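Structure file input05.txt (compact mmCIF, C-alpha atoms) follows.
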```
# COMPACT_ATOMS: atom_id res chain seq x y z
CA MET A 10 11.58 -14.47 -6.35
CA GLN A 11 8.54 -16.04 -4.72
CA LYS A 12 5.56 -13.70 -4.95
CA ALA A 13 3.71 -13.07 -1.72
CA ASP A 14 0.49 -14.95 -1.11
CA ILE A 15 -2.58 -12.84 -1.92
CA VAL A 16 -4.15 -13.68 1.46
CA HIS A 17 -1.07 -12.38 3.29
CA ARG A 18 -1.16 -9.24 1.17
CA ALA A 19 -4.84 -8.69 2.00
CA ILE A 20 -4.23 -9.18 5.72
CA ALA A 21 -1.25 -6.79 5.59
CA LYS A 22 -3.32 -4.14 3.81
CA ALA A 23 -6.15 -4.57 6.33
CA ILE A 24 -3.71 -4.04 9.22
CA ASP A 25 -2.31 -0.94 7.54
CA LEU A 26 -5.81 0.41 6.93
CA VAL A 27 -6.62 -0.04 10.64
CA ILE A 28 -3.53 2.06 11.42
CA VAL A 29 -4.69 4.64 8.87
CA GLY A 30 -8.13 4.76 10.51
CA MET A 31 -6.61 5.18 13.95
CA LEU A 32 -4.38 8.03 12.77
CA ALA A 33 -7.24 9.76 10.99
CA TYR A 34 -9.70 9.56 13.87
CA LEU A 35 -7.48 9.77 16.95
CA LEU A 36 -5.33 12.70 15.89
CA PRO A 37 -6.91 16.15 15.74
CA SER A 38 -8.74 17.25 12.58
CA ILE A 39 -6.76 17.71 9.38
CA PHE A 40 -3.53 16.59 11.09
CA GLY A 41 -4.99 13.10 11.52
CA VAL A 42 -6.12 12.84 7.90
CA LEU A 43 -2.78 14.07 6.58
CA SER A 44 -0.92 11.69 8.92
CA ALA A 45 -3.02 8.81 7.63
CA GLY A 46 -2.25 9.77 4.03
CA LEU A 47 1.46 10.15 4.80
CA TYR A 48 1.57 6.77 6.54
CA ILE A 49 0.05 4.98 3.55
CA LEU A 50 2.44 6.80 1.20
CA ILE A 51 5.67 5.89 2.95
CA SER A 52 4.67 2.75 4.87
CA ASP A 53 6.52 0.30 2.61
CA GLY A 54 9.78 2.16 3.24
CA PHE A 55 9.76 1.22 6.93
CA PHE A 56 11.34 -1.97 8.36
CA HIS A 57 13.41 -2.74 5.25
CA GLY A 58 10.60 -2.69 2.70
CA GLN A 59 7.78 -3.54 5.07
CA SER A 60 4.81 -1.62 6.37
CA VAL A 61 3.58 -2.65 9.81
CA GLY A 62 1.06 -4.99 8.15
CA LYS A 63 3.71 -6.53 5.90
CA LYS A 64 6.08 -6.95 8.86
CA LEU A 65 3.40 -8.87 10.77
CA THR A 66 2.53 -11.08 7.78
CA ARG A 67 6.21 -11.64 6.87
CA ILE A 68 6.12 -10.21 3.36
CA LYS A 69 8.16 -7.34 1.91
CA VAL A 70 8.46 -5.03 -1.08
CA VAL A 71 11.57 -5.38 -3.23
CA LEU A 72 12.82 -3.72 -6.39
CA THR A 73 12.45 -5.50 -9.74
CA ASP A 74 15.07 -3.55 -11.72
CA PRO A 75 17.62 -6.17 -12.89
CA GLU A 76 20.50 -4.05 -11.56
CA LYS A 77 18.81 -3.69 -8.16
CA SER A 78 16.75 -6.89 -8.09
CA GLY A 79 15.93 -8.04 -4.59
CA LYS A 80 16.94 -4.78 -2.90
CA ILE A 81 14.36 -3.39 -0.52
CA CYS A 82 11.78 -0.75 -1.33
CA THR A 83 12.78 2.78 -0.40
CA PHE A 84 10.52 5.59 0.73
CA ARG A 85 10.61 6.92 -2.85
CA GLN A 86 9.27 3.68 -4.34
CA SER A 87 6.75 3.39 -1.52
CA LEU A 88 5.45 6.86 -2.32
CA ILE A 89 5.06 5.98 -6.01
CA ARG A 90 3.40 2.59 -5.51
CA ASN A 91 0.97 3.83 -2.83
CA ALA A 92 0.07 7.30 -4.15
CA PRO A 93 -3.39 6.29 -5.44
CA TYR A 94 -4.28 4.77 -2.05
CA ALA A 95 -3.24 7.96 -0.25
CA VAL A 96 -5.33 10.13 -2.58
CA VAL A 97 -8.38 7.95 -1.95
CA ILE A 98 -7.83 8.04 1.81
CA VAL A 99 -7.36 11.79 2.06
CA PHE A 100 -10.27 12.62 -0.26
CA GLY A 101 -12.39 10.00 1.48
CA PHE A 102 -12.47 12.18 4.57
CA ILE A 103 -14.07 15.11 2.77
CA PRO A 104 -17.64 15.41 4.06
CA PHE A 105 -20.37 14.22 1.68
CA ILE A 106 -18.29 14.29 -1.53
CA GLY A 107 -15.69 12.01 -0.01
CA TRP A 108 -18.05 9.23 0.99
CA PHE A 109 -20.38 9.38 -1.98
CA ILE A 110 -17.95 9.95 -4.83
CA ILE A 111 -14.36 9.29 -3.83
CA PHE A 112 -14.97 6.26 -1.61
CA PRO A 113 -16.75 4.21 -4.33
CA LEU A 114 -13.96 5.10 -6.76
CA GLY A 115 -11.44 4.00 -4.13
CA VAL A 116 -13.20 0.68 -3.69
CA LEU A 117 -13.19 0.19 -7.47
CA PHE A 118 -9.47 1.01 -7.55
CA LEU A 119 -8.81 -1.49 -4.75
CA VAL A 120 -10.71 -4.21 -6.64
CA VAL A 121 -8.74 -3.54 -9.84
CA GLU A 122 -5.41 -3.52 -7.98
CA THR A 123 -6.31 -6.77 -6.21
CA TYR A 124 -7.22 -8.36 -9.55
CA PHE A 125 -3.85 -7.37 -11.02
CA ALA A 126 -1.95 -8.68 -7.98
CA TYR A 127 -3.90 -11.95 -8.05
CA SER A 128 -3.78 -12.59 -11.79
CA ASP A 129 -0.17 -11.61 -12.51
CA ASP A 130 2.44 -14.39 -12.32
CA GLN A 131 4.68 -12.17 -10.21
CA GLY A 132 1.85 -10.62 -8.17
CA ILE A 133 2.60 -7.17 -9.59
CA ARG A 134 -0.17 -4.58 -9.40
CA MET A 135 -0.33 -1.25 -11.24
CA GLY A 136 1.42 0.63 -8.43
CA ASP A 137 4.27 -1.90 -8.59
CA ILE A 138 4.67 -1.35 -12.33
CA TYR A 139 5.20 2.40 -11.85
CA ALA A 140 7.50 1.97 -8.86
CA GLY A 141 9.46 -1.02 -10.20
CA THR A 142 8.60 -3.14 -7.18
CA GLN A 143 7.17 -6.53 -6.24
CA VAL A 144 5.78 -7.96 -3.00
CA VAL A 145 7.52 -11.20 -2.01
CA ASP A 146 7.76 -13.56 0.94
CA GLU A 147 10.15 -12.25 3.59
CA GLY A 148 12.45 -15.24 3.38
CA VAL A 149 13.27 -14.52 -0.27
```
Take the structure I supplied and represent it as structure tokens, if you would.
Amino acid sequence: MQKADIVHRAIAKAIDLVIVGMLAYLLPSIFGVLSAGLYILISDGFFHGQSVGKKLTRIKVVLTDPEKSGKICTFRQSLIRNAPYAVVIVFGFIPFIGWFIIFPLGVLFLVVETYFAYSDDQGIRMGDIYAGTQVVDEGV
């Protein structure tokens, strides 16, 4: 399978993070923060393995298990591969502690995940390893 271009992945993640921000700030209080966390957790299970950002950039998440190779990411795999992002997002909204402790750790995590996705031949990041997934071009 043809791994997705890192630029398309970055654009897709940026789009999804805009959606997360809108959910967190436009919906009331804790409901908005939890909705944002839930969206990031299950987003790759929408649209046949595509979050909104992935749908717009024409990439998708597929399974790497040889018996299921090429099948689309389910909500279960999406939850596994995106759990660290959701934790960072939810804890990032905690006053003071969130911005000064959790947010820098989240940025560090994002940098490490991006490095793995960029440097791996298949574009697999740590979340993909645990979920048994890979991000590929939509046409594949």
Given all atoms listed in the file, how would the per-residue table for segment 39-89 of chain A near segment 10-34 of chain A read, listing every residue at most 12 Å away with its closest atom pair and distance in Å to one decimal, sorted by chain and number, as a tab-separated table?
```
residue	atom	partner	partner_atom	distance
A:Ile39	CA	A:Ala33	CA	8.1
A:Phe40	CA	A:Ala33	CA	7.8
A:Gly41	CA	A:Ala33	CA	4.1
A:Val42	CA	A:Ala33	CA	4.5
A:Leu43	CA	A:Ala33	CA	7.6
A:Ser44	CA	A:Leu32	CA	6.3
A:Ala45	CA	A:Val29	CA	4.7
A:Gly46	CA	A:Val29	CA	7.5
A:Leu47	CA	A:Val29	CA	9.2
A:Tyr48	CA	A:Val29	CA	7.0
A:Ile49	CA	A:Val29	CA	7.1
A:Leu50	CA	A:Val29	CA	10.7
A:Ile51	CA	A:Asp25	CA	11.5
A:Ser52	CA	A:Asp25	CA	8.3
A:Asp53	CA	A:Asp25	CA	10.2
A:Gln59	CA	A:Ala21	CA	9.6
A:Ser60	CA	A:Asp25	CA	7.2
A:Val61	CA	A:Asp25	CA	6.5
A:Gly62	CA	A:Ala21	CA	3.9
A:Lys63	CA	A:Ala21	CA	5.0
A:Lys64	CA	A:Ala21	CA	8.0
A:Leu65	CA	A:Ala21	CA	7.3
A:Thr66	CA	A:His17	CA	5.9
A:Arg67	CA	A:His17	CA	8.1
A:Ile68	CA	A:Ala13	CA	6.3
A:Lys69	CA	A:Ala13	CA	8.1
A:Val70	CA	A:Ala13	CA	9.4
A:Val71	CA	A:Met10	CA	9.6
A:Leu72	CA	A:Met10	CA	10.8
A:Thr73	CA	A:Met10	CA	9.6
A:Ser78	CA	A:Met10	CA	9.3
A:Gly79	CA	A:Met10	CA	8.0
A:Lys80	CA	A:Met10	CA	11.6
```
Keeping only C-alpha atoms, write the selected residues to a file as a compact mmCIF listing (two decimals), keeping the file's coordinate frame.
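Output contents, as saved in result06.txt:
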```txt
# COMPACT_ATOMS: atom_id res chain seq x y z
CA ILE A 39 -6.76 17.71 9.38
CA PHE A 40 -3.53 16.59 11.09
CA GLY A 41 -4.99 13.10 11.52
CA VAL A 42 -6.12 12.84 7.90
CA LEU A 43 -2.78 14.07 6.58
CA SER A 44 -0.92 11.69 8.92
CA ALA A 45 -3.02 8.81 7.63
CA GLY A 46 -2.25 9.77 4.03
CA LEU A 47 1.46 10.15 4.80
CA TYR A 48 1.57 6.77 6.54
CA ILE A 49 0.05 4.98 3.55
CA LEU A 50 2.44 6.80 1.20
CA ILE A 51 5.67 5.89 2.95
CA SER A 52 4.67 2.75 4.87
CA ASP A 53 6.52 0.30 2.61
CA GLN A 59 7.78 -3.54 5.07
CA SER A 60 4.81 -1.62 6.37
CA VAL A 61 3.58 -2.65 9.81
CA GLY A 62 1.06 -4.99 8.15
CA LYS A 63 3.71 -6.53 5.90
CA LYS A 64 6.08 -6.95 8.86
CA LEU A 65 3.40 -8.87 10.77
CA THR A 66 2.53 -11.08 7.78
CA ARG A 67 6.21 -11.64 6.87
CA ILE A 68 6.12 -10.21 3.36
CA LYS A 69 8.16 -7.34 1.91
CA VAL A 70 8.46 -5.03 -1.08
CA VAL A 71 11.57 -5.38 -3.23
CA LEU A 72 12.82 -3.72 -6.39
CA THR A 73 12.45 -5.50 -9.74
CA SER A 78 16.75 -6.89 -8.09
CA GLY A 79 15.93 -8.04 -4.59
CA LYS A 80 16.94 -4.78 -2.90
```
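Closest to Ala95 of chain A among A:Pro75, A:Gly54, A:Gly115, A:Gly141 is A:Gly115, based on all atoms listed in the file.
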Once 8 Å is added on each side, what centre and edge lengths in Å to one decimal does the axis-aligned box around all listed atoms of segment 58-74 of chain A have, as lines of an AutoDock Vina configuration file?
```
center_x = 8.1
center_y = -6.6
center_z = -0.5
size_x = 30.0
size_y = 26.0
size_z = 38.5
```
**OP:** Fewer than 4 positions away in the same chain doesn't count, so skip those; otherwise give me all residues within 12 Å of Met135 of chain A, counting only C-alpha atoms, as a ChimeraX atom specification.
**Re:** /A:89-94,118-129,139-143
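The coordinates place atom CA of Gly58 of chain A at 5.0 Å from atom CA of Ile81 of chain A.
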**OP:** Could you jot down the atom CA of Asp130 of chain A to atom CA of Leu88 of chain A separation for me, Å, one decimal place?
**Re:** 23.7 Å
As a PDB file, in the coordinates of the input, the rebuilt segment 85-102 of chain A with N, CA and C atoms:
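Output below, filename out32.pdb:
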```
ATOM      1  N   ARG A  85      10.979   6.394  -1.530  1.00  0.00           N
ATOM      2  CA  ARG A  85      10.610   6.920  -2.850  1.00  0.00           C
ATOM      3  C   ARG A  85       9.705   5.947  -3.593  1.00  0.00           C
ATOM      4  N   GLN A  86      10.106   4.678  -3.664  1.00  0.00           N
ATOM      5  CA  GLN A  86       9.270   3.680  -4.340  1.00  0.00           C
ATOM      6  C   GLN A  86       7.947   3.476  -3.615  1.00  0.00           C
ATOM      7  N   SER A  87       7.980   3.531  -2.296  1.00  0.00           N
ATOM      8  CA  SER A  87       6.750   3.390  -1.520  1.00  0.00           C
ATOM      9  C   SER A  87       5.775   4.507  -1.862  1.00  0.00           C
ATOM     10  N   LEU A  88       6.295   5.724  -1.970  1.00  0.00           N
ATOM     11  CA  LEU A  88       5.450   6.860  -2.320  1.00  0.00           C
ATOM     12  C   LEU A  88       4.808   6.658  -3.694  1.00  0.00           C
ATOM     13  N   ILE A  89       5.570   6.188  -4.658  1.00  0.00           N
ATOM     14  CA  ILE A  89       5.060   5.980  -6.010  1.00  0.00           C
ATOM     15  C   ILE A  89       4.006   4.876  -6.035  1.00  0.00           C
ATOM     16  N   ARG A  90       4.309   3.739  -5.414  1.00  0.00           N
ATOM     17  CA  ARG A  90       3.400   2.590  -5.510  1.00  0.00           C
ATOM     18  C   ARG A  90       2.114   2.785  -4.709  1.00  0.00           C
ATOM     19  N   ASN A  91       2.141   3.647  -3.698  1.00  0.00           N
ATOM     20  CA  ASN A  91       0.970   3.830  -2.830  1.00  0.00           C
ATOM     21  C   ASN A  91       0.242   5.157  -3.023  1.00  0.00           C
ATOM     22  N   ALA A  92       0.693   5.993  -3.951  1.00  0.00           N
ATOM     23  CA  ALA A  92       0.070   7.300  -4.150  1.00  0.00           C
ATOM     24  C   ALA A  92      -1.438   7.232  -4.393  1.00  0.00           C
ATOM     25  N   PRO A  93      -1.928   6.331  -5.245  1.00  0.00           N
ATOM     26  CA  PRO A  93      -3.390   6.290  -5.440  1.00  0.00           C
ATOM     27  C   PRO A  93      -4.162   5.958  -4.166  1.00  0.00           C
ATOM     28  N   TYR A  94      -3.620   5.088  -3.326  1.00  0.00           N
ATOM     29  CA  TYR A  94      -4.280   4.770  -2.050  1.00  0.00           C
ATOM     30  C   TYR A  94      -4.359   6.006  -1.164  1.00  0.00           C
ATOM     31  N   ALA A  95      -3.259   6.765  -1.106  1.00  0.00           N
ATOM     32  CA  ALA A  95      -3.240   7.960  -0.250  1.00  0.00           C
ATOM     33  C   ALA A  95      -4.249   8.993  -0.729  1.00  0.00           C
ATOM     34  N   VAL A  96      -4.359   9.175  -2.031  1.00  0.00           N
ATOM     35  CA  VAL A  96      -5.330  10.130  -2.580  1.00  0.00           C
ATOM     36  C   VAL A  96      -6.742   9.720  -2.177  1.00  0.00           C
ATOM     37  N   VAL A  97      -7.046   8.445  -2.318  1.00  0.00           N
ATOM     38  CA  VAL A  97      -8.380   7.950  -1.950  1.00  0.00           C
ATOM     39  C   VAL A  97      -8.636   8.160  -0.473  1.00  0.00           C
ATOM     40  N   ILE A  98      -7.657   7.892   0.361  1.00  0.00           N
ATOM     41  CA  ILE A  98      -7.830   8.040   1.810  1.00  0.00           C
ATOM     42  C   ILE A  98      -8.068   9.497   2.192  1.00  0.00           C
ATOM     43  N   VAL A  99      -7.223  10.385   1.698  1.00  0.00           N
ATOM     44  CA  VAL A  99      -7.360  11.790   2.060  1.00  0.00           C
ATOM     45  C   VAL A  99      -8.685  12.359   1.550  1.00  0.00           C
ATOM     46  N   PHE A 100      -9.019  12.106   0.283  1.00  0.00           N
ATOM     47  CA  PHE A 100     -10.270  12.620  -0.260  1.00  0.00           C
ATOM     48  C   PHE A 100     -11.486  11.919   0.346  1.00  0.00           C
ATOM     49  N   GLY A 101     -11.299  10.716   0.845  1.00  0.00           N
ATOM     50  CA  GLY A 101     -12.390  10.000   1.480  1.00  0.00           C
ATOM     51  C   GLY A 101     -12.887  10.638   2.757  1.00  0.00           C
ATOM     52  N   PHE A 102     -12.078  11.507   3.339  1.00  0.00           N
ATOM     53  CA  PHE A 102     -12.470  12.180   4.570  1.00  0.00           C
ATOM     54  C   PHE A 102     -13.150  13.523   4.335  1.00  0.00           C
TER      55      PHE A 102
END
```
